[in-house]
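Structure file work_5.txt; described as compact mmCIF, C-alpha atoms and all ligand atoms.
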# COMPACT_ATOMS: atom_id res chain seq x y z
CA MET A 929 -18.63 0.65 25.14
CA ILE A 930 -15.54 -1.05 23.69
CA SER A 931 -12.35 0.99 23.23
CA VAL A 932 -10.71 1.35 19.82
CA ALA A 933 -7.66 -0.65 20.97
CA ASP A 934 -9.80 -3.51 22.30
CA LEU A 935 -11.83 -3.59 19.11
CA TRP A 936 -8.60 -3.89 17.10
CA ILE A 937 -7.77 -7.02 19.11
CA GLN A 938 -11.25 -8.46 18.47
CA LEU A 939 -11.07 -7.72 14.76
CA ASP A 940 -7.63 -9.29 14.47
CA ALA A 941 -9.04 -12.46 16.02
CA LEU A 942 -11.81 -12.48 13.41
CA VAL A 943 -9.21 -12.75 10.62
CA PRO A 944 -7.01 -15.66 11.70
CA SER A 945 -5.67 -16.17 8.18
CA PRO A 946 -5.50 -14.26 4.91
CA LEU A 947 -7.70 -14.94 1.89
CA PRO A 948 -6.58 -17.68 -0.51
CA SER A 949 -3.80 -16.83 -2.94
CA GLU A 950 -3.78 -16.86 -6.74
CA ARG A 951 -1.20 -16.66 -9.51
CA ILE A 952 -1.62 -13.62 -11.72
CA PRO A 953 0.36 -12.03 -14.55
CA LEU A 954 3.09 -9.66 -13.40
CA ALA A 955 1.47 -6.84 -15.37
CA SER A 956 -1.61 -7.02 -13.09
CA ALA A 957 0.26 -7.52 -9.82
CA GLN A 958 0.89 -3.92 -8.77
CA GLY A 959 -0.39 -3.25 -5.25
CA ARG A 960 -0.89 -6.96 -4.48
CA ILE A 961 0.66 -8.73 -1.49
CA LEU A 962 3.16 -11.47 -2.35
CA ARG A 963 2.41 -14.88 -0.82
CA GLU A 964 5.52 -16.83 -1.82
CA THR A 965 9.25 -16.55 -1.33
CA ILE A 966 11.08 -15.46 -4.46
CA LEU A 967 14.56 -17.00 -4.63
CA ALA A 968 17.30 -15.85 -6.96
CA PRO A 969 17.27 -18.48 -9.74
CA GLU A 970 20.91 -17.65 -10.54
CA ASP A 971 23.62 -15.34 -9.28
CA GLN A 972 22.76 -11.64 -9.50
CA PRO A 973 24.35 -10.32 -11.64
CA PRO A 974 24.75 -13.66 -13.45
CA PHE A 975 28.20 -12.75 -14.88
CA ASP A 976 30.98 -10.20 -14.29
CA ARG A 977 30.12 -7.13 -16.35
CA SER A 978 31.46 -3.71 -17.10
CA ALA A 979 30.05 -0.63 -15.35
CA ILE A 980 31.74 1.70 -17.84
CA ASP A 981 32.37 2.46 -21.50
CA GLY A 982 36.12 2.01 -22.10
CA TYR A 983 38.63 -0.79 -22.59
CA LEU A 984 39.19 -4.29 -21.24
CA VAL A 985 42.80 -5.31 -20.62
CA HIS A 986 44.76 -7.91 -18.63
CA THR A 987 45.23 -7.22 -14.90
CA ASP A 988 49.00 -7.09 -15.49
CA GLN A 989 48.57 -4.28 -18.03
CA PRO A 990 50.19 -0.98 -16.89
CA ALA A 991 49.51 2.48 -18.35
CA GLY A 992 50.91 2.86 -21.88
CA LEU A 993 50.11 1.83 -25.47
CA VAL A 994 47.94 -1.21 -26.29
CA THR A 995 46.69 -2.66 -29.59
CA LEU A 996 42.94 -2.84 -30.08
CA GLU A 997 41.77 -6.43 -30.83
CA GLY A 998 38.01 -5.84 -31.22
CA THR A 999 34.82 -4.88 -29.37
CA ILE A 1000 32.69 -6.77 -26.83
CA HIS A 1001 29.12 -5.47 -27.20
CA PRO A 1002 26.55 -5.74 -24.38
CA GLY A 1003 24.58 -8.93 -24.99
CA ALA A 1004 27.53 -10.77 -26.53
CA PRO A 1005 28.96 -13.79 -24.68
CA ALA A 1006 31.92 -13.09 -22.42
CA PRO A 1007 35.34 -13.86 -23.94
CA ALA A 1008 36.84 -17.01 -22.44
CA SER A 1009 39.91 -15.15 -21.21
CA ALA A 1010 41.26 -11.65 -20.71
CA PRO A 1011 43.25 -10.11 -23.58
CA SER A 1012 47.01 -10.67 -23.42
CA PRO A 1013 49.08 -7.84 -21.97
CA GLY A 1014 49.73 -5.29 -24.70
CA THR A 1015 46.29 -5.74 -26.25
CA ALA A 1016 42.79 -4.50 -25.37
CA TYR A 1017 39.12 -4.94 -26.26
CA ARG A 1018 36.75 -2.03 -26.57
CA ILE A 1019 33.93 -2.62 -24.06
CA LEU A 1020 30.63 -0.84 -23.38
CA THR A 1021 28.59 -0.50 -20.20
CA GLY A 1022 26.94 -3.87 -19.51
CA SER A 1023 29.38 -5.95 -21.60
CA ALA A 1024 30.11 -9.41 -20.17
CA LEU A 1025 33.72 -9.83 -19.01
CA PRO A 1026 35.98 -12.89 -18.84
CA PRO A 1027 35.86 -14.60 -15.42
CA GLU A 1028 39.53 -14.00 -14.61
CA LYS A 1029 42.33 -11.46 -15.02
CA ALA A 1030 40.07 -8.68 -16.34
CA ALA A 1031 40.85 -5.03 -15.70
CA LEU A 1032 39.10 -1.93 -17.08
CA ILE A 1033 39.91 1.63 -17.91
CA MET A 1034 37.43 4.42 -18.61
CA GLN A 1035 37.32 5.92 -22.08
CA GLU A 1036 38.05 9.38 -20.59
CA ASP A 1037 41.35 8.04 -19.20
CA THR A 1038 42.57 6.94 -22.65
CA LYS A 1039 43.51 8.44 -25.99
CA ALA A 1040 42.92 6.58 -29.26
CA THR A 1041 45.65 6.87 -31.93
CA ASP A 1042 45.23 6.80 -35.74
CA THR A 1043 47.01 3.46 -35.91
CA GLY A 1044 44.41 1.30 -34.13
CA ARG A 1045 46.23 1.62 -30.86
CA VAL A 1046 45.06 3.15 -27.61
CA HIS A 1047 47.10 5.10 -25.13
CA LEU A 1048 46.16 4.20 -21.55
CA LEU A 1049 46.76 7.39 -19.55
CA GLN A 1050 46.35 5.65 -16.18
CA SER A 1051 46.75 2.15 -14.77
CA PRO A 1052 43.66 0.00 -15.44
CA SER A 1053 41.92 -1.45 -12.38
CA THR A 1054 39.11 -3.79 -11.34
CA LYS A 1055 36.99 -1.16 -9.54
CA HIS A 1056 34.54 -0.75 -12.42
CA ILE A 1057 33.72 -4.47 -12.65
CA ARG A 1058 30.22 -5.43 -11.41
CA ARG A 1059 31.04 -8.83 -9.99
CA ARG A 1060 28.92 -11.90 -10.50
CA ALA A 1061 26.75 -12.62 -7.38
CA SER A 1062 27.64 -9.25 -5.80
CA GLN A 1063 23.92 -8.56 -5.24
CA ALA A 1064 22.65 -12.09 -4.50
CA ARG A 1065 23.75 -15.71 -4.89
CA ALA A 1066 21.61 -18.35 -6.60
CA GLY A 1067 19.11 -19.54 -3.96
CA ASP A 1068 19.19 -16.37 -1.85
CA THR A 1069 15.82 -14.92 -0.83
CA LEU A 1070 15.01 -11.84 -2.91
CA ILE A 1071 11.49 -11.08 -1.63
CA SER A 1072 9.55 -12.64 1.25
CA PRO A 1073 5.82 -13.31 1.61
CA GLY A 1074 3.85 -10.30 2.86
CA GLN A 1075 5.73 -7.79 0.71
CA LEU A 1076 3.67 -5.21 -1.14
CA LEU A 1077 4.38 -5.44 -4.86
CA ASN A 1078 5.34 -1.85 -5.59
CA ALA A 1079 7.11 -0.70 -8.74
CA GLY A 1080 10.54 -1.72 -7.45
CA ALA A 1081 9.40 -5.18 -6.35
CA LEU A 1082 7.71 -5.74 -9.72
CA ALA A 1083 10.94 -4.80 -11.49
CA LEU A 1084 12.91 -7.24 -9.33
CA LEU A 1085 10.41 -10.01 -10.15
CA ALA A 1086 10.74 -9.18 -13.86
CA SER A 1087 14.54 -9.34 -13.63
CA VAL A 1088 14.41 -12.96 -12.41
CA GLY A 1089 11.62 -14.06 -14.74
CA ALA A 1090 8.96 -14.39 -12.01
CA THR A 1091 6.18 -13.44 -14.39
CA ALA A 1092 3.27 -15.08 -12.55
CA PRO A 1093 3.69 -14.26 -8.84
CA LEU A 1094 1.54 -15.90 -6.18
CA VAL A 1095 -0.43 -13.11 -4.47
CA SER A 1096 -3.41 -12.72 -2.18
CA ARG A 1097 -6.77 -12.61 -3.81
CA ARG A 1098 -8.35 -9.17 -3.40
CA ALA A 1099 -11.27 -9.08 -0.96
CA ARG A 1100 -14.70 -8.94 -2.61
CA VAL A 1101 -16.69 -6.17 -0.97
CA ALA A 1102 -20.41 -5.43 -1.25
CA HIS A 1103 -21.61 -1.99 -0.12
CA LEU A 1104 -25.20 -1.20 0.78
CA VAL A 1105 -26.06 2.46 1.30
CA THR A 1106 -29.20 3.22 3.29
CA GLY A 1107 -31.09 6.49 3.67
CA GLY A 1108 -34.40 7.82 2.35
CA GLU A 1109 -32.91 11.32 2.24
CA LEU A 1110 -30.19 10.37 -0.25
CA VAL A 1111 -30.12 11.13 -3.95
CA SER A 1112 -27.50 10.38 -6.58
CA PRO A 1113 -24.61 12.90 -6.82
CA ASP A 1114 -25.82 13.88 -10.31
CA ALA A 1115 -29.36 14.69 -9.08
CA THR A 1116 -30.58 17.97 -7.59
CA PRO A 1117 -31.74 17.31 -4.01
CA ALA A 1118 -35.28 18.37 -3.15
CA SER A 1119 -35.92 20.07 0.18
CA GLY A 1120 -34.70 17.84 3.02
CA GLN A 1121 -32.66 15.60 0.70
CA ILE A 1122 -28.87 15.40 0.35
CA ARG A 1123 -26.52 13.88 -2.20
CA ASP A 1124 -25.05 10.47 -1.39
CA SER A 1125 -21.32 11.05 -0.87
CA ASN A 1126 -20.55 7.86 1.05
CA SER A 1127 -20.82 5.65 -2.05
CA THR A 1128 -18.07 7.64 -3.73
CA LEU A 1129 -16.00 7.77 -0.54
CA ILE A 1130 -16.12 4.02 0.03
CA ALA A 1131 -15.46 3.15 -3.63
CA ALA A 1132 -12.36 5.36 -3.56
CA LEU A 1133 -11.10 4.06 -0.21
CA LEU A 1134 -11.48 0.44 -1.29
CA ARG A 1135 -9.35 0.97 -4.39
CA ASP A 1136 -6.27 1.52 -2.23
CA SER A 1137 -7.11 -1.21 0.28
CA HIS A 1138 -6.57 -4.57 -1.43
CA ALA A 1139 -10.29 -4.83 -2.23
CA ASP A 1140 -12.67 -4.92 -5.18
CA LEU A 1141 -16.10 -3.34 -4.91
CA ILE A 1142 -18.29 -6.02 -6.49
CA TRP A 1143 -21.70 -4.51 -5.71
CA GLN A 1144 -22.97 -1.14 -4.51
CA GLN A 1145 -26.59 -0.14 -4.12
CA ARG A 1146 -28.56 2.64 -2.45
CA VAL A 1147 -31.89 1.88 -0.76
CA SER A 1148 -34.47 3.87 1.17
CA ASP A 1149 -34.75 3.45 4.93
CA SER A 1150 -37.59 0.91 4.76
CA ARG A 1151 -36.80 -2.25 6.66
CA SER A 1152 -38.15 -4.55 3.93
CA ALA A 1153 -36.23 -2.76 1.14
CA THR A 1154 -33.05 -2.88 3.22
CA ALA A 1155 -33.58 -6.58 4.03
CA GLU A 1156 -34.12 -7.36 0.35
CA ALA A 1157 -30.98 -5.46 -0.72
CA LEU A 1158 -28.97 -7.12 2.08
CA ALA A 1159 -30.06 -10.55 0.83
CA ALA A 1160 -29.06 -9.61 -2.73
CA ALA A 1161 -25.63 -8.51 -1.50
CA LEU A 1162 -25.10 -11.66 0.55
CA ALA A 1163 -26.12 -13.88 -2.37
CA LEU A 1164 -22.90 -12.72 -4.06
CA GLN A 1165 -20.91 -14.24 -1.15
CA PRO A 1166 -18.77 -11.18 -0.47
CA ASP A 1167 -15.82 -11.44 1.90
CA ILE A 1168 -16.89 -8.12 3.41
CA LEU A 1169 -20.31 -6.48 3.57
CA LEU A 1170 -20.40 -2.77 4.35
CA VAL A 1171 -23.65 -1.08 5.29
CA SER A 1172 -23.67 2.72 5.35
CA GLY A 1173 -26.07 4.48 7.69
CA GLY A 1174 -28.72 2.97 9.92
CA ALA A 1175 -26.12 2.03 12.53
CA SER A 1176 -27.61 4.07 15.38
CA VAL A 1177 -30.80 3.63 17.39
CA GLY A 1178 -33.33 5.65 15.35
CA ASP A 1179 -36.59 4.35 13.91
CA HIS A 1180 -34.90 3.80 10.54
CA ASP A 1181 -31.72 2.23 11.88
CA HIS A 1182 -32.06 -1.44 10.90
CA THR A 1183 -28.48 -2.54 10.22
CA GLY A 1184 -27.82 -4.42 13.48
CA ALA A 1185 -31.21 -6.17 13.55
CA LEU A 1186 -31.07 -7.19 9.89
CA LEU A 1187 -27.54 -8.56 10.20
CA ALA A 1188 -28.65 -10.62 13.23
CA ASP A 1189 -31.68 -11.86 11.22
CA ALA A 1190 -29.29 -12.91 8.45
CA GLY A 1191 -27.38 -15.10 10.91
CA PHE A 1192 -24.53 -12.75 11.80
CA THR A 1193 -23.03 -12.67 15.28
CA ILE A 1194 -22.83 -9.05 16.41
CA HIS A 1195 -19.46 -8.37 18.06
CA CYS A 1196 -20.00 -4.69 18.82
CA ASP A 1197 -22.50 -1.95 18.04
CA LYS A 1198 -20.68 1.01 19.60
CA VAL A 1199 -17.05 1.99 19.95
CA ALA A 1200 -15.53 4.75 22.07
CA SER A 1201 -14.40 6.82 19.11
CA ARG A 1202 -15.26 10.38 18.11
CA PRO A 1203 -16.49 10.48 15.43
CA GLY A 1204 -17.65 6.97 14.62
CA LYS A 1205 -19.44 5.78 17.75
CA PRO A 1206 -22.31 3.75 16.26
CA PHE A 1207 -20.09 1.17 14.56
CA ILE A 1208 -21.32 -2.39 14.08
CA ALA A 1209 -18.95 -5.32 13.59
CA ALA A 1210 -20.49 -8.70 12.81
CA SER A 1211 -19.48 -12.03 11.33
CA ARG A 1212 -20.88 -15.23 9.93
CA GLU A 1213 -19.14 -18.08 8.12
CA GLY A 1214 -16.90 -16.58 5.40
CA CYS A 1215 -18.16 -13.00 5.72
CA LEU A 1216 -17.47 -10.02 7.95
CA ALA A 1217 -20.04 -7.23 8.03
CA PHE A 1218 -19.58 -3.66 9.20
CA GLY A 1219 -22.30 -1.11 9.86
CA LEU A 1220 -20.75 2.32 9.32
CA PRO A 1221 -22.35 5.40 10.89
CA GLY A 1222 -23.92 7.49 8.10
CA ASN A 1223 -22.10 10.74 8.79
CA PRO A 1224 -19.32 11.08 6.19
CA LEU A 1225 -16.54 11.91 8.64
CA SER A 1226 -17.58 9.00 10.87
CA HIS A 1227 -17.43 6.84 7.75
CA PHE A 1228 -13.91 7.96 6.95
CA VAL A 1229 -12.73 7.35 10.50
CA CYS A 1230 -14.37 3.91 10.87
CA PHE A 1231 -13.04 2.81 7.50
CA HIS A 1232 -9.47 3.79 8.35
CA LEU A 1233 -9.53 2.51 11.91
CA PHE A 1234 -11.30 -0.80 11.37
CA VAL A 1235 -12.23 -1.77 7.80
CA ARG A 1236 -8.81 -1.04 6.32
CA ARG A 1237 -7.20 -3.00 9.15
CA VAL A 1238 -9.30 -6.07 8.37
CA LEU A 1239 -8.65 -5.73 4.63
CA ALA A 1240 -4.90 -5.61 5.29
CA ARG A 1241 -5.06 -8.82 7.34
CA LEU A 1242 -7.21 -10.52 4.70
CA ALA A 1243 -4.54 -9.58 2.14
CA GLY A 1244 -1.80 -11.10 4.31
CA THR A 1245 -0.08 -7.90 5.33
CA GLU A 1246 0.23 -5.86 8.50
CA PRO A 1247 -2.24 -3.02 9.09
CA VAL A 1248 -0.87 0.51 8.70
CA ALA A 1249 0.95 1.28 11.96
CA LEU A 1250 0.44 4.44 13.99
CA ILE A 1251 3.39 6.79 13.79
CA ARG A 1252 4.50 9.45 16.25
CA ALA A 1253 4.69 13.04 15.03
CA LYS A 1254 5.25 16.49 16.44
CA LEU A 1255 2.06 18.48 16.87
CA ALA A 1256 2.27 21.73 14.93
CA PRO A 1257 1.92 24.90 17.03
CA ARG A 1258 -1.57 26.41 17.19
CA SER A 1259 -3.27 23.02 16.89
CA GLU A 1260 -6.20 23.27 19.25
CA LEU A 1261 -7.44 19.86 20.25
CA ARG A 1262 -10.67 19.40 22.18
CA PRO A 1263 -10.52 16.16 24.16
CA ASP A 1264 -13.76 14.25 24.62
CA PRO A 1265 -14.76 11.33 26.85
CA ARG A 1266 -14.43 9.26 23.67
CA GLU A 1267 -10.96 9.05 22.10
CA THR A 1268 -10.99 11.48 19.16
CA TRP A 1269 -9.56 10.72 15.70
CA TRP A 1270 -8.99 14.23 14.45
CA PRO A 1271 -8.66 14.96 10.70
CA ALA A 1272 -5.13 16.25 10.19
CA LEU A 1273 -2.48 17.24 7.70
CA LEU A 1274 0.79 15.36 8.11
CA THR A 1275 3.86 16.99 6.60
CA HIS A 1276 7.53 15.99 6.72
CA ASP A 1277 8.14 17.56 10.13
CA SER A 1278 4.82 17.87 11.94
CA VAL A 1279 1.11 17.20 12.01
CA THR A 1280 -1.52 19.94 11.99
CA ALA A 1281 -5.01 19.40 13.38
CA LEU A 1282 -7.51 20.69 10.80
CA PRO A 1283 -10.66 22.52 11.82
CA TRP A 1284 -13.88 20.49 11.59
CA ARG A 1285 -17.38 21.26 12.74
CA ASP A 1286 -18.95 17.89 13.32
CA SER A 1287 -19.11 14.42 11.85
CA SER A 1288 -21.12 15.55 8.82
CA ASP A 1289 -18.37 18.04 7.83
CA LEU A 1290 -16.94 16.90 4.51
CA THR A 1291 -15.05 20.13 3.85
CA VAL A 1292 -12.12 19.00 5.98
CA LEU A 1293 -11.71 15.64 4.29
CA ALA A 1294 -10.38 16.97 1.00
CA ARG A 1295 -7.33 18.31 2.87
CA ALA A 1296 -6.82 15.60 5.46
CA ASN A 1297 -4.20 12.91 4.88
CA ALA A 1298 -4.10 11.59 8.43
CA LEU A 1299 -6.06 11.08 11.63
CA LEU A 1300 -4.55 12.38 14.81
CA ARG A 1301 -5.32 10.42 17.99
CA VAL A 1302 -6.50 12.65 20.83
CA PRO A 1303 -6.76 10.65 24.07
CA SER A 1304 -9.80 11.25 26.27
CA THR A 1305 -7.54 12.65 29.00
CA PRO A 1306 -5.66 15.79 27.87
CA SER A 1307 -1.93 15.40 27.35
CA ALA A 1308 0.70 18.13 27.50
CA SER A 1309 3.07 16.26 25.20
CA SER A 1310 3.83 17.74 21.80
CA GLN A 1311 4.28 14.20 20.42
CA VAL A 1312 1.06 12.66 19.13
CA GLU A 1313 0.03 9.42 17.46
CA VAL A 1314 -1.06 9.62 13.85
CA LEU A 1315 -2.68 7.19 11.43
CA CYS A 1316 -1.80 7.94 7.79
CA CYS A 1317 -4.83 7.82 5.52
CA SER A 1318 -5.40 7.33 1.82
N1 LIG B 1 -30.13 8.64 20.17
C1 LIG B 1 -28.96 8.62 19.56
N2 LIG B 1 -28.86 9.18 18.34
C2 LIG B 1 -27.69 9.17 17.70
C3 LIG B 1 -26.56 8.59 18.31
C4 LIG B 1 -26.70 7.99 19.58
O1 LIG B 1 -25.74 7.46 20.16
N3 LIG B 1 -27.94 8.02 20.15
N4 LIG B 1 -25.38 8.63 17.66
C5 LIG B 1 -25.19 9.68 16.69
C6 LIG B 1 -23.99 9.48 15.96
S1 LIG B 1 -22.57 9.73 16.83
C7 LIG B 1 -23.97 9.21 14.63
S2 LIG B 1 -22.48 9.19 13.75
C8 LIG B 1 -25.18 8.95 13.86
C9 LIG B 1 -25.07 7.69 13.03
O2 LIG B 1 -26.28 7.37 12.57
P1 LIG B 1 -26.61 6.28 11.50
O3 LIG B 1 -25.48 5.38 11.24
O4 LIG B 1 -27.86 5.66 11.90
O5 LIG B 1 -26.70 7.12 10.18
P2 LIG B 1 -27.94 7.89 9.59
O6 LIG B 1 -28.85 8.33 10.68
O7 LIG B 1 -28.47 7.09 8.51
O8 LIG B 1 -27.18 9.15 9.02
C10 LIG B 1 -26.49 10.05 9.83
C11 LIG B 1 -26.20 11.32 9.03
O9 LIG B 1 -25.39 11.01 7.92
C12 LIG B 1 -26.02 11.39 6.69
N5 LIG B 1 -25.74 10.35 5.69
C13 LIG B 1 -26.16 9.08 5.75
N6 LIG B 1 -25.78 8.43 4.66
C14 LIG B 1 -25.12 9.30 3.89
C15 LIG B 1 -24.50 9.23 2.60
N7 LIG B 1 -24.50 8.07 1.91
N8 LIG B 1 -23.92 10.31 2.09
C16 LIG B 1 -23.92 11.49 2.80
N9 LIG B 1 -24.48 11.61 4.02
C17 LIG B 1 -25.09 10.56 4.54
C18 LIG B 1 -27.48 11.41 7.03
O10 LIG B 1 -28.20 12.22 6.17
C19 LIG B 1 -27.47 11.93 8.45
O11 LIG B 1 -27.36 13.33 8.47
O12 LIG B 1 -26.27 8.81 14.74
C20 LIG B 1 -26.36 9.84 15.75
N10 LIG B 1 -27.60 9.69 16.44
O1 LIG B 2 -19.99 9.05 14.99
MO1 LIG B 2 -20.90 10.31 15.43
O2 LIG B 2 -19.75 10.40 14.57
O3 LIG B 2 -19.80 10.81 16.82
O4 LIG B 2 -21.38 11.90 14.90
Take the structure from the file and write it as structure tokens.
Amino acid sequence: MISVADLWIQLDALVPSPLPSERIPLASAQGRILRETILAPEDQPPFDRSAIDGYLVHTDQPAGLVTLEGTIHPGAPAPASAPSPGTAYRILTGSALPPEKAALIMQEDTKATDTGRVHLLQSPSTKHIRRRASQARAGDTLISPGQLLNAGALALLASVGATAPLVSRRARVAHLVTGGELVSPDATPASGQIRDSNSTLIAALLRDSHADLIWQQRVSDSRSATAEALAAALALQPDILLVSGGASVGDHDHTGALLADAGFTIHCDKVASRPGKPFIAASREGCLAFGLPGNPLSHFVCFHLFVRRVLARLAGTEPVALIRAKLAPRSELRPDPRETWWPALLTHDSVTALPWRDSSDLTVLARANALLRVPSTPSASSQVEVLCCS
């Protein structure tokens, strides 16, 4: 049985390059991965400007009385030169300043007189000038390819007029849910039936994973119905096909055989992970397929360990890295011959292993925000590896 770490290497090799890129409006680009270098089109800031409300004077101007010559409003062109000594302009935060010999004084350090003159109570200085190019020079790199477009990055793009960034296309994912025992969440299960929770789980997980769910269907366990639904999903040419349930060796477990019939190469059908052992990874031209074990906790683990990793690479970004955290006291971890990915709660200073019964136990998932890696051989260290989850 392949180890989790070895399967990561195999999966990485299956995604040698990201999906094609596309230009989209800035307003739709949140959460996308940038695929171009954004250069500063001009100096940032593009002109010297005031960081304060107060007065603009000549650098030779000492404290004392000056005559007010007018106001420079934000948005108005910069005056060609600084006022002559003995005179001043009223300026406001953001006002453009002359390129040379400008000095500023804060309003609080002055006193206006009735005669249109201003008393400067201190010496003016240049410390409140935001200098042209102090943040970046024209041509400097502002954002590099691979960057997630979060709110701050979007604002930076807006500030330089990059209103149609080149980003990775989102992966198109089809999800087939198998199981004769499953009914819709809004139905009342008859004896022996259960509600389908994996459809909701996968739809929610995909939203945060650079992917669009383009098709989702539930079918009974019959081989012909599953084959038919699989063909319908593949006809849409998804980048990723997910099949829930039917990954094990039971009489109704058809995922591996049907994927092979559809021309997929099966790369693995079991991985040494608890939960999540019966995990199928397969590929054919332009499509990767994953058979996820039906148990909801196994689903969650396999998605975070493997599917999310592939989706990150398809988007042109690095998979979420494991972090090291301090294990909270009283966390009782049961090692297993398979490496365990234990549902956990990560806080600012430690990680707590949450109690869970077995891989069908959904109660723990509402609280978990991480998976804690428990090696098959017990470790005495209080430092553990953790994968943050969405
Ligand atoms: N002989 C063996 N039997 C099993 C093995 C094994 O190695 N040898 N592995 C076990 C492990 S571990 C797991 S995990 C399961 C995985 O089985 P399948 O992928 O074939 O999944 P199913 O049998 O279809 O379902 C398992 C379990 O999950 C429930 N389920 C399925 N789909 C959903 C859904 N959409 N929403 C909520 N719950 C779902 C289903 O009712 C079953 O209880 O195989 C073991 N067996
Ligand atoms: O994946 Mo199974 O998850 O060990 O119950």
### Task
Would you please work out which residue, of A:Met929, A:Leu1261, A:Ala1217, A:Leu1250, is nearest to ligand LIG 1 (chain B) when using all atoms listed in the file?
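Distance minimum relative to ligand LIG 1 (chain B) lands on A:Met929.
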### Task
Go through A:Pro1271, A:Pro1306, A:Gly1022, A:Gly1173 one by one, measure the shortest atom-to-atom distance of each to A:Pro973 using only C-alpha atoms, and give the residue with the smallest value.
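For A:Pro973, the nearest of the candidates is A:Gly1022.
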Which residues of stretch 1143-1251 of chain A come within 12 Å of stretch 1272-1285 of chain A, and for each one, what is the closest pair of atoms and their distance in Å to one decimal, counting all atoms listed in the file, sorted by chain and residue number, as JSON lines?
{"residue": "A:Pro1203", "atom": "CA", "partner": "A:Trp1284", "partner_atom": "CA", "distance": 11.0}
{"residue": "A:Leu1225", "atom": "CA", "partner": "A:Trp1284", "partner_atom": "CA", "distance": 9.5}
{"residue": "A:Val1229", "atom": "CA", "partner": "A:Ala1272", "partner_atom": "CA", "distance": 11.7}
{"residue": "A:Ile1251", "atom": "CA", "partner": "A:Leu1274", "partner_atom": "CA", "distance": 10.6}
### Task
Compute the distance from (-23.8, 2.6, 17.7) to each atom, counting only C-alpha atoms, keep the residues with any atom at most 6 Å away, and return them as JSON, numbers by chain; use the coordinates of the file.
{"A": [1175, 1176, 1197, 1198, 1205, 1206, 1207]}
Take the residues that were just selected and, keeping C-alpha atoms, output them as a PDB file, keeping the file's coordinate frame.
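That gives us result.pdb:
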ATOM      1  CA  ALA A1175     -26.120   2.030  12.530  1.00  0.00           C
ATOM      2  CA  SER A1176     -27.610   4.070  15.380  1.00  0.00           C
ATOM      3  CA  ASP A1197     -22.500  -1.950  18.040  1.00  0.00           C
ATOM      4  CA  LYS A1198     -20.680   1.010  19.600  1.00  0.00           C
ATOM      5  CA  LYS A1205     -19.440   5.780  17.750  1.00  0.00           C
ATOM      6  CA  PRO A1206     -22.310   3.750  16.260  1.00  0.00           C
ATOM      7  CA  PHE A1207     -20.090   1.170  14.560  1.00  0.00           C
TER       8      PHE A1207
END
### Which residue of A:Cys1196, A:Ala1240, A:Ile1122, A:Val943 approaches ligand LIG 1 (chain B) most closely, using all atoms listed in the file
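When distances to ligand LIG 1 (chain B) are compared using all atoms listed in the file, the smallest one comes from A:Ile1122.
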### Task
Identify which of the residues A:Glu964, A:Asp1286, A:Asp1167, A:Asp1136 lies closest to A:Gly1214, counting all atoms listed in the file when measuring atom-to-atom distances.
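For A:Gly1214, the nearest of the given residues is A:Asp1167.
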### Task
Could you please extract the residues within 8 Å of ligand LIG 1 (chain B), counting only C-alpha atoms and all ligand atoms, and hand them back as an MDAnalysis selection string?
chainID A and resid 1105:1107 1109:1110 1121:1127 1172:1178 1180:1181 1202:1207 1219:1224 1226 1287:1288
Can you spit out the residues from that selection as a compact mmCIF listing (two decimals), in the frame of the given file, using C-alpha atoms?
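Output file selection.txt is given in full below:
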# COMPACT_ATOMS: atom_id res chain seq x y z
CA VAL A 1105 -26.06 2.46 1.30
CA THR A 1106 -29.20 3.22 3.29
CA GLY A 1107 -31.09 6.49 3.67
CA GLU A 1109 -32.91 11.32 2.24
CA LEU A 1110 -30.19 10.37 -0.25
CA GLN A 1121 -32.66 15.60 0.70
CA ILE A 1122 -28.87 15.40 0.35
CA ARG A 1123 -26.52 13.88 -2.20
CA ASP A 1124 -25.05 10.47 -1.39
CA SER A 1125 -21.32 11.05 -0.87
CA ASN A 1126 -20.55 7.86 1.05
CA SER A 1127 -20.82 5.65 -2.05
CA SER A 1172 -23.67 2.72 5.35
CA GLY A 1173 -26.07 4.48 7.69
CA GLY A 1174 -28.72 2.97 9.92
CA ALA A 1175 -26.12 2.03 12.53
CA SER A 1176 -27.61 4.07 15.38
CA VAL A 1177 -30.80 3.63 17.39
CA GLY A 1178 -33.33 5.65 15.35
CA HIS A 1180 -34.90 3.80 10.54
CA ASP A 1181 -31.72 2.23 11.88
CA ARG A 1202 -15.26 10.38 18.11
CA PRO A 1203 -16.49 10.48 15.43
CA GLY A 1204 -17.65 6.97 14.62
CA LYS A 1205 -19.44 5.78 17.75
CA PRO A 1206 -22.31 3.75 16.26
CA PHE A 1207 -20.09 1.17 14.56
CA GLY A 1219 -22.30 -1.11 9.86
CA LEU A 1220 -20.75 2.32 9.32
CA PRO A 1221 -22.35 5.40 10.89
CA GLY A 1222 -23.92 7.49 8.10
CA ASN A 1223 -22.10 10.74 8.79
CA PRO A 1224 -19.32 11.08 6.19
CA SER A 1226 -17.58 9.00 10.87
CA SER A 1287 -19.11 14.42 11.85
CA SER A 1288 -21.12 15.55 8.82
### Task
Would you list the contacts of A:Trp1270 as a list in words, taking every protein, DNA or RNA residue within 7 Å and counting all atoms listed in the file, but skipping same-chain residues closer than 6 positions in sequence?
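Near A:Trp1270, the qualifying residues are Ala1281, Leu1299, Leu1300 and Arg1301 of chain A.
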